[in-house]
Amino acid sequence: MNSSLRSPFRYFYLSFLAFCHACAGDDSSSGNRSDEGGSVRVQISGEELATNGFRFPSGSEVTFTDGWELDFTHVLTTVANVTLSENPDRSPSDQSRTGKLVAQIDGPWAVDLHQHGSEPGATGEGTAIPLTTVAEQNRNGNAAFDPTERYAFGYEMVAASADATHLNLNAEARAAYDEMIQLGYSVVYIGTARFKGVECTSRGDYDFERIPQDIPFRLGFSTPVRLVNCQNQDNDGDAFEGEEFQRGIPILPNRASIAQITLHLDHPFYSDVEHEPALHFDQYAAQLVDEQEGTVLGIEHLVGVNPTAFTDRAGVALPWRSCDGSALPVSAQMAFDVGSVPHDATASPEEALRDYRDYVHYVQSTQGHLNGGEGLCFVERQYPSPN
């Protein structure tokens, strides 16, 4: 199952706070953190969106066209099964195919991406949290990595687990993580959305005052996924046709190679299943119309909502709204493009997107990348979903 969505937005953050290296995950089969050549240092980052949130009308690299800001208190996820394999170029037409597995660190690690990390982010963007260092080929006789080769890099985003090593979770985050375990979530966004639009235009006469202006949210995504043979924007070689960058991690002789798991937090707000769509939040917020003030927005509020013809919680058609001067789509009713992905409310989840929750899961599950903006990976969804 493969759906690689491109998210080229870049986030730049020059300073970083101290974070104890000893808190990083350690697997005795791979050794401890090392700056020596011939190793691969694995870290994770949600970039500036995770630490600083979405601003409006400016102040973040991406913004919501309909006037919303998002502030996070926690962005929780669990990473497991970091892998390195031979021959990332085995099949130019099938990114999922690699040579044999030569190293694997199981984890799992529980991480709060809202917290600043101790490492500079890939390509200088934001900060990153150390996970582990792969010092040798622990699935291949503990051989050294070959500095003349590139190795296919992969990892998994898995359901929260009591077995996970907590890297940087405070008491509040630990309580939220315990809830993740109970609900089977692999990623959770916790925070507050606030409407900041002033000069807005919309189609139709919808009463937007019915939508709450301040919304606490707790969005949990049950989207375990395996990311395979990621492309790496740090590589200088030619990419295969249809890909942005050459695949794999080169081994450096004089310092550790960096493999940064990078999560793009904008994916759940995509208005299209394909490339570079505008971001919207009205379709989330409108599901709290007529709800009690202070109701926490959750993924369950999206069940039964048609992503190709949005209505609010009361069943009233929701029009497009623009608060940043961008042109409104031609259609009056807000509707997202599902592209070639089947949409059928009566189908099984393996056959089609049934509602907006399925749509959000579909685009969110592709948020994992390697080393920043364009490091696209082959996506193998580990939950019921159309291809």
# chains A, B, ... in the order shown; residues from 1 in each chain; ligands from 1

call {"tool": "residues_around", "arguments": {"residues": "His114 in chain A", "least_positions_apart": "4", "cutoff": "8 Å", "atoms": "only C-alpha atoms", "output": "list in words"}}
result
Gly46, Ala50, Thr51, Asn52, Phe72, Thr73, His74, Val75 and Leu76 of chain A

call {"tool": "write_last_selection", "arguments": {"atoms": "N, CA and C atoms", "output": "JSON list (two decimals), in the first residue's frame"}}
result
[["chain", "number", "residue", "atom", "x", "y", "z"],
["A", 46, "GLY", "N", 9.51, 17.22, 14.79],
["A", 46, "GLY", "CA", 8.28, 17.73, 14.19],
["A", 46, "GLY", "C", 8.48, 19.13, 13.66],
["A", 50, "ALA", "N", 5.66, 21.78, 15.33],
["A", 50, "ALA", "CA", 5.41, 21.03, 16.56],
["A", 50, "ALA", "C", 5.71, 21.86, 17.80],
["A", 51, "THR", "N", 6.78, 22.64, 17.76],
["A", 51, "THR", "CA", 7.18, 23.41, 18.95],
["A", 51, "THR", "C", 6.46, 24.75, 19.04],
["A", 52, "ASN", "N", 6.22, 25.41, 17.90],
["A", 52, "ASN", "CA", 5.70, 26.78, 17.90],
["A", 52, "ASN", "C", 4.26, 26.89, 17.40],
["A", 72, "PHE", "N", 0.05, 23.99, 20.32],
["A", 72, "PHE", "CA", 0.13, 22.64, 20.86],
["A", 72, "PHE", "C", 0.65, 22.67, 22.29],
["A", 73, "THR", "N", 0.14, 21.74, 23.10],
["A", 73, "THR", "CA", 0.74, 21.47, 24.40],
["A", 73, "THR", "C", 1.51, 20.16, 24.36],
["A", 74, "HIS", "N", 1.06, 19.23, 23.49],
["A", 74, "HIS", "CA", 1.78, 17.96, 23.30],
["A", 74, "HIS", "C", 1.55, 17.47, 21.88],
["A", 75, "VAL", "N", 2.59, 16.88, 21.30],
["A", 75, "VAL", "CA", 2.49, 16.15, 20.03],
["A", 75, "VAL", "C", 3.19, 14.82, 20.29],
["A", 76, "LEU", "N", 2.39, 13.79, 20.55],
["A", 76, "LEU", "CA", 2.93, 12.52, 21.04],
["A", 76, "LEU", "C", 2.92, 11.46, 19.93]]

call {"tool": "residues_around", "arguments": {"residues": "Glu149 in chain A", "least_positions_apart": "2", "cutoff": "12 Å", "atoms": "only C-alpha atoms", "output": "compact mmCIF listing (two decimals) with C-alpha atoms, in the first residue's frame"}}
result
# COMPACT_ATOMS: atom_id res chain seq x y z
CA GLY A 38 30.75 4.69 10.16
CA LEU A 84 18.92 -0.21 7.51
CA SER A 85 18.99 -2.46 4.44
CA GLU A 86 21.27 -2.96 1.51
CA ASN A 87 20.66 -1.63 -2.00
CA PRO A 88 18.04 1.13 -1.82
CA ASP A 89 18.21 1.32 -5.63
CA ALA A 144 30.88 -2.48 9.90
CA PHE A 145 28.88 -0.36 7.49
CA ASP A 146 30.52 0.11 4.09
CA PRO A 147 31.44 3.80 3.53
CA TYR A 151 21.70 1.94 2.97
CA ALA A 152 17.91 1.99 2.71
CA ARG A 247 17.25 7.09 -1.76
CA GLY A 248 19.18 5.97 1.27
CA ILE A 249 21.74 6.96 3.89
CA PRO A 250 25.41 7.28 2.88
CA ILE A 251 27.99 6.22 5.47
CA LEU A 252 30.47 8.94 6.38
CA PRO A 253 34.05 7.97 7.31

call {"tool": "closest_residue", "arguments": {"among": "A:Cys200, A:Val296, A:Ala309, A:Ala345", "to": "Gln333 in chain A", "atoms": "only C-alpha atoms"}}
result
A:Ala309

call {"tool": "closest_residue", "arguments": {"among": "A:Thr223, A:Asn140, A:Thr132, A:Thr77", "to": "Ala176 in chain A", "atoms": "only C-alpha atoms"}}
result
A:Thr77

call {"tool": "closest_residue", "arguments": {"among": "A:Phe378, A:Phe195, A:Tyr359, A:Phe54", "to": "Pro268 in chain A", "atoms": "only C-alpha atoms"}}
result
A:Tyr359

call {"tool": "select_by_dssp", "arguments": {"residues": "range 238-361 of chain A", "states": "helix (DSSP H, G or I)", "output": "count of residues only"}}
result
20

call {"tool": "closest_residue", "arguments": {"among": "A:Asp312, A:Glu172, A:Glu61, A:Glu293", "to": "Ile190 in chain A", "atoms": "only C-alpha atoms"}}
result
A:Glu172
